[in-house]
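Below is protein.cif, which holds mmCIF, C-alpha atoms and all ligand atoms.
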```
data_work
#
loop_
_atom_site.label_atom_id
_atom_site.label_comp_id
_atom_site.auth_asym_id
_atom_site.auth_seq_id
_atom_site.Cartn_x
_atom_site.Cartn_y
_atom_site.Cartn_z
CA MET J 51 43.10 34.34 34.47
CA HIS J 52 46.54 32.76 34.31
CA ILE J 53 48.82 31.81 31.41
CA GLU J 54 51.38 29.03 31.70
CA GLU J 55 54.22 29.91 29.38
CA THR J 56 56.07 26.58 29.43
CA LEU J 57 55.70 24.91 26.06
CA ARG J 58 53.90 21.55 26.18
CA LEU J 59 54.50 19.03 23.41
CA ASP J 60 52.66 16.58 21.21
CA PHE J 61 53.99 13.55 19.34
CA LYS J 62 54.39 15.68 16.21
CA ASP J 63 56.75 18.11 18.00
CA VAL J 64 59.55 15.63 18.71
CA LEU J 65 61.68 12.83 17.29
CA ILE J 66 63.71 10.27 19.23
CA ARG J 67 67.47 10.66 18.93
CA PRO J 68 69.29 7.46 17.89
CA LYS J 69 71.88 6.08 20.31
CA ARG J 70 74.74 3.62 20.13
CA SER J 71 73.34 0.11 20.30
CA THR J 72 74.62 -3.43 20.67
CA LEU J 73 71.44 -4.92 19.24
CA THR J 74 71.89 -6.59 15.87
CA SER J 75 68.27 -7.48 15.13
CA ARG J 76 64.78 -6.33 15.98
CA SER J 77 63.94 -9.88 16.92
CA GLN J 78 66.17 -9.46 19.98
CA VAL J 79 63.82 -6.85 21.46
CA GLU J 80 61.47 -7.99 24.21
CA LEU J 81 58.20 -6.03 24.14
CA ALA J 82 56.48 -7.88 26.97
CA ARG J 83 56.55 -6.18 30.35
CA GLU J 84 55.85 -7.24 33.88
CA PHE J 85 54.22 -5.01 36.47
CA VAL J 86 53.14 -5.63 40.04
CA PHE J 87 50.28 -3.26 40.72
CA ARG J 88 50.34 -0.93 43.69
CA HIS J 89 46.94 -1.81 45.14
CA SER J 90 45.84 -5.14 43.69
CA ARG J 91 49.36 -6.59 44.19
CA LYS J 92 48.64 -8.69 41.09
CA THR J 93 51.32 -9.36 38.49
CA TYR J 94 50.72 -8.39 34.87
CA HIS J 95 52.71 -9.94 32.04
CA GLY J 96 52.11 -8.96 28.40
CA ILE J 97 52.65 -6.38 25.70
CA PRO J 98 51.11 -3.31 27.28
CA ILE J 99 48.88 -2.18 24.43
CA ILE J 100 45.12 -2.12 24.95
CA ALA J 101 42.32 -1.83 22.36
CA ALA J 102 40.08 1.09 23.34
CA ASN J 103 36.73 0.46 25.01
CA MET J 104 34.88 1.98 22.06
CA ASP J 105 32.06 -0.17 20.73
CA SER J 106 33.88 -0.79 17.44
CA THR J 107 37.29 -1.76 18.83
CA GLY J 108 36.55 -3.02 22.36
CA THR J 109 34.93 -6.22 21.13
CA ILE J 110 35.12 -9.84 22.20
CA GLU J 111 36.36 -10.72 18.68
CA MET J 112 39.20 -8.22 19.15
CA ALA J 113 39.94 -9.71 22.58
CA HIS J 114 40.36 -13.17 21.04
CA ALA J 115 42.59 -11.82 18.24
CA LEU J 116 44.81 -9.82 20.59
CA GLU J 117 45.14 -12.46 23.32
CA GLY J 118 47.27 -14.55 20.96
CA HIS J 119 49.72 -11.64 20.71
CA GLN J 120 49.69 -10.96 24.48
CA LEU J 121 47.88 -7.63 23.98
CA SER J 122 44.76 -6.57 25.90
CA VAL J 123 41.32 -5.21 25.18
CA ALA J 124 39.11 -2.96 27.24
CA LEU J 125 35.68 -4.35 26.39
CA HIS J 126 33.12 -1.65 25.69
CA LYS J 127 30.39 -0.81 28.21
CA HIS J 128 27.43 -1.78 26.10
CA TYR J 129 27.62 -5.58 26.24
CA ASP J 130 24.76 -7.08 28.24
CA VAL J 131 25.27 -8.98 31.47
CA ASP J 132 24.89 -12.46 29.95
CA THR J 133 27.49 -11.81 27.23
CA LEU J 134 29.98 -10.45 29.76
CA VAL J 135 29.42 -13.33 32.17
CA ALA J 136 29.87 -15.83 29.33
CA TYR J 137 33.08 -14.14 28.19
CA PHE J 138 34.74 -13.77 31.58
CA SER J 139 33.72 -17.22 32.81
CA SER J 140 34.99 -18.91 29.66
CA LEU J 141 38.57 -17.79 30.20
CA GLU J 142 40.78 -20.71 31.08
CA LYS J 143 43.61 -18.70 32.47
CA LYS J 144 42.84 -15.29 33.88
CA SER J 145 42.69 -12.80 31.05
CA THR J 146 44.08 -9.28 30.88
CA ALA J 147 40.80 -8.07 29.34
CA PHE J 148 39.38 -5.04 31.11
CA TYR J 149 35.75 -4.76 32.13
CA SER J 150 34.73 -1.13 31.46
CA MET J 151 32.32 0.92 33.48
CA GLY J 152 31.08 4.44 34.08
CA ILE J 153 30.36 5.84 37.52
CA THR J 154 26.63 5.53 38.07
CA GLN J 155 24.98 3.32 40.66
CA SER J 156 23.65 1.13 37.85
CA ASP J 157 27.19 0.73 36.43
CA PHE J 158 28.31 -0.46 39.86
CA GLU J 159 25.39 -2.86 40.20
CA LYS J 160 25.95 -4.29 36.72
CA PHE J 161 29.61 -4.89 37.54
CA THR J 162 28.75 -6.59 40.84
CA THR J 163 26.29 -8.87 39.05
CA VAL J 164 28.77 -9.84 36.32
CA MET J 165 31.56 -10.35 38.85
CA THR J 166 29.40 -12.60 41.04
CA ARG J 167 27.98 -14.63 38.17
CA ALA J 168 31.44 -15.01 36.59
CA HIS J 169 32.81 -16.30 39.93
CA ASN J 170 35.17 -13.37 40.38
CA ALA J 171 36.97 -14.08 37.11
CA ILE J 172 37.39 -10.37 36.31
CA GLU J 173 40.84 -9.13 37.27
CA TYR J 174 41.01 -5.80 35.44
CA VAL J 175 38.52 -2.94 35.33
CA CYS J 176 38.60 0.33 33.51
CA ILE J 177 36.55 3.08 35.15
CA ASP J 178 36.43 5.94 32.71
CA VAL J 179 34.67 9.21 32.17
CA ALA J 180 35.42 12.07 29.80
CA ASN J 181 36.41 14.30 32.72
CA GLY J 182 38.26 12.56 35.54
CA TYR J 183 38.53 15.73 37.61
CA THR J 184 35.24 15.48 39.51
CA GLU J 185 34.90 14.52 43.16
CA THR J 186 32.16 12.06 42.24
CA PHE J 187 34.64 10.21 40.04
CA ILE J 188 37.32 10.03 42.72
CA HIS J 189 34.76 8.82 45.30
CA PHE J 190 33.59 6.14 42.88
CA VAL J 191 37.16 4.87 42.35
CA LYS J 192 37.52 4.71 46.14
CA LYS J 193 34.27 2.79 46.48
CA VAL J 194 35.33 0.19 43.90
CA ARG J 195 38.74 -0.13 45.57
CA ASP J 196 37.17 -0.58 49.03
CA THR J 197 34.75 -3.20 47.71
CA TYR J 198 37.29 -5.10 45.60
CA PRO J 199 40.78 -4.86 47.14
CA HIS J 200 42.28 -7.38 44.69
CA LEU J 201 40.99 -5.86 41.48
CA THR J 202 43.42 -4.04 39.21
CA ILE J 203 41.80 -0.68 38.56
CA MET J 204 42.54 1.64 35.65
CA ALA J 205 40.87 5.04 36.02
CA GLY J 206 40.70 8.22 33.95
CA ASN J 207 40.84 10.37 31.99
CA VAL J 208 43.10 13.10 33.30
CA VAL J 209 46.16 14.97 32.03
CA THR J 210 48.03 16.43 35.02
CA GLY J 211 50.28 15.13 37.78
CA ASP J 212 48.26 16.39 40.77
CA ILE J 213 45.11 14.48 39.92
CA THR J 214 47.14 11.42 38.84
CA GLU J 215 48.48 11.25 42.40
CA GLU J 216 45.02 11.77 43.85
CA LEU J 217 43.59 8.92 41.78
CA ILE J 218 46.38 6.57 42.77
CA LEU J 219 45.89 7.43 46.43
CA ALA J 220 42.14 6.84 45.98
CA GLY J 221 42.81 3.30 44.75
CA ALA J 222 43.72 3.38 41.04
CA ASP J 223 46.58 1.12 39.96
CA ILE J 224 46.77 2.63 36.48
CA VAL J 225 45.76 6.20 35.59
CA LYS J 226 44.43 6.74 32.08
CA VAL J 227 45.83 9.88 30.48
CA GLY J 228 44.40 11.93 27.62
CA ILE J 229 41.84 14.67 27.17
CA GLY J 230 41.09 15.56 23.60
CA PRO J 231 43.81 13.81 21.54
CA GLY J 232 41.58 11.05 20.13
CA SER J 233 41.10 10.50 16.41
CA VAL J 234 37.32 10.92 16.58
CA CYS J 235 37.24 13.29 19.53
CA THR J 236 35.98 16.86 19.19
CA THR J 237 36.38 17.92 22.83
CA ARG J 238 39.08 20.49 22.09
CA LYS J 239 36.97 21.99 19.34
CA MET J 240 33.78 22.05 21.39
CA THR J 241 35.21 23.12 24.74
CA GLY J 242 38.71 24.52 24.20
CA VAL J 243 39.92 22.11 26.93
CA GLY J 244 42.87 19.73 26.53
CA TYR J 245 46.58 19.15 27.04
CA PRO J 246 49.26 18.15 24.48
CA GLN J 247 49.44 14.39 24.80
CA LEU J 248 53.19 13.79 24.99
CA SER J 249 53.63 16.30 27.81
CA ALA J 250 50.58 14.88 29.59
CA ILE J 251 52.21 11.44 29.41
CA ILE J 252 55.58 12.68 30.68
CA GLU J 253 54.07 14.64 33.58
CA CYS J 254 51.51 12.02 34.64
CA ALA J 255 54.01 9.15 34.36
CA ASP J 256 56.40 11.03 36.58
CA ALA J 257 53.69 11.58 39.20
CA ALA J 258 52.41 7.98 39.01
CA HIS J 259 55.82 6.33 39.15
CA GLY J 260 56.71 8.33 42.23
CA LEU J 261 53.85 6.54 44.01
CA GLY J 262 54.44 3.09 42.50
CA GLY J 263 51.53 3.47 40.08
CA GLN J 264 51.29 3.13 36.30
CA ILE J 265 49.75 5.18 33.51
CA CYS J 266 48.00 4.31 30.27
CA ALA J 267 48.42 6.83 27.44
CA ASP J 268 45.00 7.02 25.79
CA GLY J 269 44.43 8.60 22.39
CA GLY J 270 46.34 10.41 19.69
CA CYS J 271 48.61 7.64 18.36
CA VAL J 272 48.29 7.61 14.57
CA VAL J 273 51.49 5.82 13.45
CA PRO J 274 53.69 3.20 15.19
CA GLY J 275 56.31 5.91 15.89
CA ASP J 276 53.76 7.65 18.15
CA LEU J 277 53.64 4.52 20.33
CA ALA J 278 57.44 4.57 20.53
CA LYS J 279 57.27 8.22 21.64
CA ALA J 280 54.53 7.48 24.19
CA PHE J 281 56.51 4.58 25.69
CA GLY J 282 59.68 6.68 25.48
CA GLY J 283 57.90 9.46 27.38
CA GLY J 284 57.07 7.09 30.23
CA ALA J 285 53.75 5.45 29.32
CA ASP J 286 53.43 1.99 30.88
CA PHE J 287 50.39 1.09 28.77
CA ILE J 288 48.97 2.56 25.55
CA MET J 289 45.32 2.51 24.50
CA LEU J 290 44.52 2.53 20.78
CA GLY J 291 41.24 3.31 19.03
CA GLY J 292 41.70 4.56 15.47
CA MET J 293 44.82 2.50 14.75
CA LEU J 294 42.85 -0.68 15.44
CA ALA J 295 39.63 0.44 13.72
CA GLY J 296 38.51 -0.79 10.28
CA HIS J 297 39.41 -4.44 10.87
CA ASP J 298 37.39 -7.66 10.72
CA GLU J 299 37.40 -7.89 14.53
CA CYS J 300 35.70 -4.48 14.84
CA ALA J 301 31.95 -4.24 15.25
CA GLY J 302 29.80 -2.99 12.41
CA ASP J 303 29.12 -3.99 8.84
CA LEU J 304 31.17 -3.08 5.81
CA VAL J 305 29.93 0.00 3.99
CA GLU J 306 30.50 0.40 0.26
CA ARG J 307 31.19 3.79 -1.36
CA ASP J 308 32.28 4.14 -4.98
CA GLY J 309 33.37 0.52 -5.13
CA GLN J 310 35.55 0.80 -2.02
CA GLN J 311 34.84 -0.87 1.32
CA PHE J 312 34.81 0.98 4.65
CA LYS J 313 33.92 0.44 8.28
CA ARG J 314 32.20 3.05 10.41
CA PHE J 315 34.14 4.40 13.38
CA TYR J 316 32.73 6.96 15.77
CA GLY J 317 33.52 8.58 19.12
CA MET J 318 31.66 7.28 22.14
CA SER J 319 30.37 10.81 22.78
CA SER J 320 29.40 11.37 19.17
CA ARG J 321 25.86 11.83 17.97
CA ALA J 322 26.08 8.37 16.34
CA ALA J 323 26.87 6.71 19.71
CA MET J 324 24.29 8.73 21.63
CA ASP J 325 21.61 7.92 19.06
CA LYS J 326 22.46 4.24 19.43
CA TYR J 327 22.69 3.99 23.22
CA ALA J 328 21.03 7.03 24.81
CA GLY J 329 18.13 7.79 22.51
CA GLY J 330 19.85 10.86 21.04
CA VAL J 331 21.91 13.78 22.33
CA ALA J 332 20.38 15.14 25.54
CA LYS J 333 19.13 18.77 25.32
CA TYR J 334 21.70 20.20 27.74
CA ARG J 335 24.76 18.81 25.97
CA ALA J 336 26.55 18.74 22.62
CA SER J 337 28.24 15.82 20.97
CA GLU J 338 32.02 15.65 21.59
CA GLY J 339 32.90 13.08 19.01
CA LYS J 340 32.58 12.49 15.32
CA GLU J 341 31.93 9.65 12.92
CA VAL J 342 34.28 8.68 10.09
CA LEU J 343 34.54 5.93 7.48
CA ILE J 344 37.78 3.94 7.74
CA PRO J 345 38.98 2.05 4.66
CA TYR J 346 38.51 -1.66 5.41
CA ARG J 347 41.82 -3.19 6.53
CA GLY J 348 41.14 -6.94 6.84
CA PRO J 349 42.27 -8.95 9.87
CA VAL J 350 43.93 -7.02 12.69
CA ASP J 351 47.00 -9.31 12.63
CA ALA J 352 48.75 -7.46 9.78
CA SER J 353 48.29 -4.07 11.44
CA LEU J 354 49.61 -5.49 14.71
CA GLN J 355 52.74 -6.69 12.99
CA ASP J 356 53.30 -3.14 11.71
CA ILE J 357 52.70 -1.58 15.10
CA LEU J 358 54.86 -4.01 17.07
CA GLY J 359 57.53 -3.99 14.34
CA GLY J 360 57.73 -0.20 14.54
CA VAL J 361 58.12 -0.18 18.31
CA ARG J 362 60.70 -2.98 18.18
CA SER J 363 62.68 -1.03 15.60
CA ALA J 364 62.56 2.13 17.75
CA CYS J 365 64.06 0.07 20.58
CA THR J 366 66.95 -1.05 18.34
CA TYR J 367 67.66 2.57 17.30
CA VAL J 368 68.25 3.58 20.92
CA GLY J 369 69.77 0.31 22.13
CA ALA J 370 66.89 -0.84 24.32
CA HIS J 371 66.89 -4.65 24.61
CA LYS J 372 63.54 -4.50 26.38
CA LEU J 373 60.59 -2.14 26.10
CA LYS J 374 61.15 -1.49 29.79
CA GLU J 375 64.46 0.25 28.94
CA LEU J 376 63.01 2.53 26.28
CA THR J 377 62.17 5.45 28.56
CA LYS J 378 65.59 5.74 30.08
CA ARG J 379 67.22 5.47 26.66
CA THR J 380 64.96 8.11 25.10
CA THR J 381 66.14 11.62 24.36
CA PHE J 382 63.54 13.68 22.53
CA ILE J 383 64.62 16.41 20.22
CA ARG J 384 62.19 19.15 19.37
CA VAL J 385 61.60 19.48 15.65
CA THR J 386 59.68 21.63 13.22
CA GLN J 387 59.26 18.91 10.62
CA GLN J 388 58.66 15.16 10.90
CA LEU J 389 58.36 13.79 7.41
CA ASN J 390 59.27 14.37 3.80
CA GLU J 391 55.83 14.84 2.22
CA VAL J 392 56.95 15.30 -1.36
CA PHE J 393 55.02 12.29 -2.60
CA GLY J 394 51.96 13.06 -0.45
P1 LIG G 1 42.51 7.21 19.20
O1 LIG G 1 43.41 6.05 19.48
O2 LIG G 1 41.42 6.86 18.25
O3 LIG G 1 43.24 8.45 18.82
O4 LIG G 1 41.81 7.58 20.60
C1 LIG G 1 41.01 6.67 21.29
C2 LIG G 1 40.46 7.33 22.53
O5 LIG G 1 39.64 8.46 22.19
C3 LIG G 1 39.53 6.48 23.36
O6 LIG G 1 40.18 5.51 24.13
C4 LIG G 1 38.82 7.53 24.21
O7 LIG G 1 39.58 7.92 25.33
C5 LIG G 1 38.74 8.71 23.26
N1 LIG G 1 37.38 8.86 22.72
C6 LIG G 1 36.61 7.92 22.16
N2 LIG G 1 35.42 8.44 21.76
C7 LIG G 1 35.44 9.75 22.09
C8 LIG G 1 34.51 10.82 21.96
O8 LIG G 1 33.40 10.70 21.40
N3 LIG G 1 34.88 12.01 22.47
C9 LIG G 1 36.09 12.18 23.08
N4 LIG G 1 36.37 13.38 23.59
N5 LIG G 1 37.01 11.20 23.19
C10 LIG G 1 36.68 10.00 22.70
#
```
Go ahead and express the file in the form of structure tokens.
Amino acid sequence: MHIEETLRLDFKDVLIRPKRSTLTSRSQVELAREFVFRHSRKTYHGIPIIAANMDSTGTIEMAHALEGHQLSVALHKHYDVDTLVAYFSSLEKKSTAFYSMGITQSDFEKFTTVMTRAHNAIEYVCIDVANGYTETFIHFVKKVRDTYPHLTIMAGNVVTGDITEELILAGADIVKVGIGPGSVCTTRKMTGVGYPQLSAIIECADAAHGLGGQICADGGCVVPGDLAKAFGGGADFIMLGGMLAGHDECAGDLVERDGQQFKRFYGMSSRAAMDKYAGGVAKYRASEGKEVLIPYRGPVDASLQDILGGVRSACTYVGAHKLKELTKRTTFIRVTQQLNEVFG
């Protein structure tokens, strides 16, 4: 047994120190970024925020709503082949939507079928598993890279620098970072495994950037300031589940309780998801996600304005004209209190 004494931090443990700035308005801040990926050599241009590939948020409706704002979606894994082919082949210009897959042979075959039938229109894939530390996972990433040299591959999830490097060397362009921070995740409770998300971002970004790779911070953002901290800590992309849940573009019907409207939102490893897609929770495992009711929030546009407005404002506080400059202009200060909660 070994104990690491160095304190690791979460979003709630820090604030960003303001810095002298020449910016006079938030509208002067450019949130779009450009990346050239290490393996695919493709150029990305957009606001690097991605709706999570959960079946409520990773929808085609969400993709259409976010495209207009230059944001991306990772479509969930449960769409059938015909729907995916229709979506990817309908795109006039190549989209930044991610095709999501697990690591079984049938996941690989389904992807190959969709890719062929959609005439190679898929540019981005997200290969994700709860635990990105297995050899099987790394071999799978390598296999997809060898088969599709020009595909931009995001792979995860992991939380440490060593495995981030290994994944990039195996063929990942973007490493997805986060074990246990998610809003409907119970992994830390069920297994005791995890890593404070801000430190995971800082450490993995450092490792990835050293090799010319990128990272996507996945999970744990609950307010726009958390996105500013994630970008400030070095995240190139951010994936959001809970913050985008409860909107019209999310899957699922409205539920009424005591005259108020809600939408269901559940973890992809929750009992609710396993009942829906896997015929229940298998005997050898436990659910690692939960289900919640989110107050209905209407169209996603208004929430996006809040999120992007918050990040833009953070940039003005530290004098970053572009999102790209936020990391080098960020100094975190450790705090014991974030907010004045006097009015709840
Ligand atoms: P959020 O933005 O809601 O805090 O986090 C979203 C992320 O939580 C997803 O992108 C995914 O990585 C993670 N997640 C989604 N469902 C589950 C689940 O059932 N269990 C766990 N451990 N993580 C989940």
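Interatomic distance, CA of Val135 (chain J) to CA of Leu217 (chain J): 28.1 Å.
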Tell me, counting all atoms listed in the file, for each residue of chain J within 8 Å of ligand LIG 1 (chain G), which pair of atoms is nearest and how far apart they are in Å to one decimal, in rows ordered by chain and increasing number, as a Markdown table.
```
| residue | atom | partner | partner_atom | distance |
| --- | --- | --- | --- | --- |
| J:Ala101 | CA | G:LIG1 | O6 | 7.8 |
| J:Ala102 | CA | G:LIG1 | O6 | 4.5 |
| J:Asn103 | CA | G:LIG1 | O6 | 6.2 |
| J:Met104 | CA | G:LIG1 | C6 | 6.2 |
| J:Ala180 | CA | G:LIG1 | N4 | 6.4 |
| J:Asn207 | CA | G:LIG1 | O7 | 7.2 |
| J:Gly228 | CA | G:LIG1 | O7 | 6.7 |
| J:Ile229 | CA | G:LIG1 | N4 | 6.7 |
| J:Gly230 | CA | G:LIG1 | N4 | 5.2 |
| J:Pro231 | CA | G:LIG1 | O3 | 6.0 |
| J:Gly232 | CA | G:LIG1 | O3 | 3.4 |
| J:Ser233 | CA | G:LIG1 | O3 | 3.8 |
| J:Val234 | CA | G:LIG1 | C7 | 5.9 |
| J:Cys235 | CA | G:LIG1 | C9 | 3.9 |
| J:Thr236 | CA | G:LIG1 | N4 | 5.6 |
| J:Thr237 | CA | G:LIG1 | N4 | 4.6 |
| J:Arg238 | CA | G:LIG1 | N4 | 7.8 |
| J:Asp268 | CA | G:LIG1 | O6 | 5.3 |
| J:Gly269 | CA | G:LIG1 | O4 | 3.3 |
| J:Gly270 | CA | G:LIG1 | O3 | 3.8 |
| J:Cys271 | CA | G:LIG1 | O3 | 5.5 |
| J:Val272 | CA | G:LIG1 | O3 | 6.7 |
| J:Met289 | CA | G:LIG1 | O6 | 6.0 |
| J:Leu290 | CA | G:LIG1 | O1 | 3.9 |
| J:Gly291 | CA | G:LIG1 | O1 | 3.5 |
| J:Gly292 | CA | G:LIG1 | O2 | 3.6 |
| J:Met293 | CA | G:LIG1 | O1 | 6.1 |
| J:Leu294 | CA | G:LIG1 | O1 | 7.9 |
| J:Tyr316 | CA | G:LIG1 | N2 | 6.7 |
| J:Gly317 | CA | G:LIG1 | O8 | 3.1 |
| J:Met318 | CA | G:LIG1 | O8 | 3.9 |
| J:Ser319 | CA | G:LIG1 | O8 | 3.3 |
| J:Ser320 | CA | G:LIG1 | O8 | 4.6 |
| J:Ala323 | CA | G:LIG1 | O8 | 7.8 |
| J:Ser337 | CA | G:LIG1 | O8 | 7.3 |
| J:Glu338 | CA | G:LIG1 | N3 | 4.7 |
| J:Gly339 | CA | G:LIG1 | O8 | 3.4 |
| J:Lys340 | CA | G:LIG1 | O8 | 6.4 |
```
**Request:** Record the distance separating CA of Glu111 (chain J) and CA of Val79 (chain J), expressed in Å with one decimal.
**Result:**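 Rounded to one decimal, the two atoms are 27.9 Å apart.
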Give me the residues within 10 Å of region 141-150 of chain J as a PDB file with C-alpha atoms, in the coordinates of the input, counting all atoms listed in the file and dropping any in the same chain fewer than 3 places off.
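Generated file (around24.pdb):
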```pdb
ATOM      1  CA  TYR J  94      50.720  -8.390  34.870  1.00  0.00           C
ATOM      2  CA  HIS J  95      52.710  -9.940  32.040  1.00  0.00           C
ATOM      3  CA  GLY J  96      52.110  -8.960  28.400  1.00  0.00           C
ATOM      4  CA  PRO J  98      51.110  -3.310  27.280  1.00  0.00           C
ATOM      5  CA  ILE J 100      45.120  -2.120  24.950  1.00  0.00           C
ATOM      6  CA  ALA J 101      42.320  -1.830  22.360  1.00  0.00           C
ATOM      7  CA  ALA J 102      40.080   1.090  23.340  1.00  0.00           C
ATOM      8  CA  ASN J 103      36.730   0.460  25.010  1.00  0.00           C
ATOM      9  CA  MET J 104      34.880   1.980  22.060  1.00  0.00           C
ATOM     10  CA  GLY J 108      36.550  -3.020  22.360  1.00  0.00           C
ATOM     11  CA  ILE J 110      35.120  -9.840  22.200  1.00  0.00           C
ATOM     12  CA  ALA J 113      39.940  -9.710  22.580  1.00  0.00           C
ATOM     13  CA  HIS J 114      40.360 -13.170  21.040  1.00  0.00           C
ATOM     14  CA  LEU J 116      44.810  -9.820  20.590  1.00  0.00           C
ATOM     15  CA  GLU J 117      45.140 -12.460  23.320  1.00  0.00           C
ATOM     16  CA  GLN J 120      49.690 -10.960  24.480  1.00  0.00           C
ATOM     17  CA  LEU J 121      47.880  -7.630  23.980  1.00  0.00           C
ATOM     18  CA  SER J 122      44.760  -6.570  25.900  1.00  0.00           C
ATOM     19  CA  VAL J 123      41.320  -5.210  25.180  1.00  0.00           C
ATOM     20  CA  ALA J 124      39.110  -2.960  27.240  1.00  0.00           C
ATOM     21  CA  LEU J 125      35.680  -4.350  26.390  1.00  0.00           C
ATOM     22  CA  HIS J 126      33.120  -1.650  25.690  1.00  0.00           C
ATOM     23  CA  LYS J 127      30.390  -0.810  28.210  1.00  0.00           C
ATOM     24  CA  HIS J 128      27.430  -1.780  26.100  1.00  0.00           C
ATOM     25  CA  TYR J 129      27.620  -5.580  26.240  1.00  0.00           C
ATOM     26  CA  LEU J 134      29.980 -10.450  29.760  1.00  0.00           C
ATOM     27  CA  ALA J 136      29.870 -15.830  29.330  1.00  0.00           C
ATOM     28  CA  TYR J 137      33.080 -14.140  28.190  1.00  0.00           C
ATOM     29  CA  PHE J 138      34.740 -13.770  31.580  1.00  0.00           C
ATOM     30  CA  ASP J 157      27.190   0.730  36.430  1.00  0.00           C
ATOM     31  CA  PHE J 161      29.610  -4.890  37.540  1.00  0.00           C
ATOM     32  CA  VAL J 164      28.770  -9.840  36.320  1.00  0.00           C
ATOM     33  CA  MET J 165      31.560 -10.350  38.850  1.00  0.00           C
ATOM     34  CA  ALA J 168      31.440 -15.010  36.590  1.00  0.00           C
ATOM     35  CA  ALA J 171      36.970 -14.080  37.110  1.00  0.00           C
ATOM     36  CA  ILE J 172      37.390 -10.370  36.310  1.00  0.00           C
ATOM     37  CA  GLU J 173      40.840  -9.130  37.270  1.00  0.00           C
ATOM     38  CA  TYR J 174      41.010  -5.800  35.440  1.00  0.00           C
ATOM     39  CA  VAL J 175      38.520  -2.940  35.330  1.00  0.00           C
ATOM     40  CA  CYS J 176      38.600   0.330  33.510  1.00  0.00           C
ATOM     41  CA  ILE J 177      36.550   3.080  35.150  1.00  0.00           C
ATOM     42  CA  ASP J 178      36.430   5.940  32.710  1.00  0.00           C
ATOM     43  CA  THR J 202      43.420  -4.040  39.210  1.00  0.00           C
ATOM     44  CA  ILE J 203      41.800  -0.680  38.560  1.00  0.00           C
ATOM     45  CA  MET J 204      42.540   1.640  35.650  1.00  0.00           C
ATOM     46  CA  ALA J 205      40.870   5.040  36.020  1.00  0.00           C
TER      47      ALA J 205
END
```
**Message:** What does the structure give for the distance between CA of His169 (chain J) and CA of Arg195 (chain J), in Å to one decimal?
**Reply:**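 Result for CA of His169 (chain J) versus CA of Arg195 (chain J): 18.1 Å, one decimal.
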**Asked** Between J:Arg307, J:His371, J:His297, J:Arg76, which is the closest to Thr107 (chain J) once you count only C-alpha atoms?
**Response**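 Using only C-alpha atoms, the shortest distance to Thr107 (chain J) belongs to J:His297.
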**Request:** Compare J:Val273, J:Met112, J:Ile383, J:Ile265 by their minimum atom-to-atom distance to Cys300 (chain J), counting all atoms listed in the file, and give me the closest one.
**Result:**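 Residue with the minimum atom-to-atom distance to Cys300 (chain J): J:Met112.
With only C-alpha atoms as the atoms that count, the residue of J:Gly394, J:Gly329, J:Pro246, J:Gly296 with the shortest distance to Leu57 (chain J) is J:Pro246.
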**Asked** Contacts of Tyr346 (chain J) at 10 Å or less, counting only C-alpha atoms, minus same-chain residues fewer than 5 places along, as a list in words?
**Response**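 Counting only the stated atoms, we get Ala295, Gly296, His297, Asp298, Leu304, Val305, Glu306, Gln310, Gln311, Phe312, Lys313 and Arg314 of chain J.
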**Surrounding residues of Gln355 (chain J) excluding itself and chain neighbours under 6 positions, 12 Å, only C-alpha atoms, as JSON, numbers by chain** = {"J": [116, 119, 274, 294, 349, 361, 362, 363]}
Once you have the residues from the selection above, write them out as a short mmCIF file (atom, residue, chain, number, x, y, z; two decimals), in the frame of the given file, restricted to C-alpha atoms.
```
data_model
loop_
_atom_site.label_atom_id
_atom_site.label_comp_id
_atom_site.auth_asym_id
_atom_site.auth_seq_id
_atom_site.Cartn_x
_atom_site.Cartn_y
_atom_site.Cartn_z
CA LEU J 116 44.81 -9.82 20.59
CA HIS J 119 49.72 -11.64 20.71
CA PRO J 274 53.69 3.20 15.19
CA LEU J 294 42.85 -0.68 15.44
CA PRO J 349 42.27 -8.95 9.87
CA VAL J 361 58.12 -0.18 18.31
CA ARG J 362 60.70 -2.98 18.18
CA SER J 363 62.68 -1.03 15.60
#
```
**Request:** Can you work out which one of J:His89, J:Ser139, J:Val131, J:Met240 has the shortest atom-to-atom distance to Asp196 (chain J), counting all atoms listed in the file?
**Result:**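 The shortest atom-to-atom distance to Asp196 (chain J) comes from J:His89.
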**Request:** Select, from J:Ser353, J:Thr366, J:Gln264, J:Ser106, the residue with the minimum atom-to-atom distance to Glu84 (chain J), counting only C-alpha atoms.
**Result:**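 Result for the nearest residue to Glu84 (chain J): J:Gln264.
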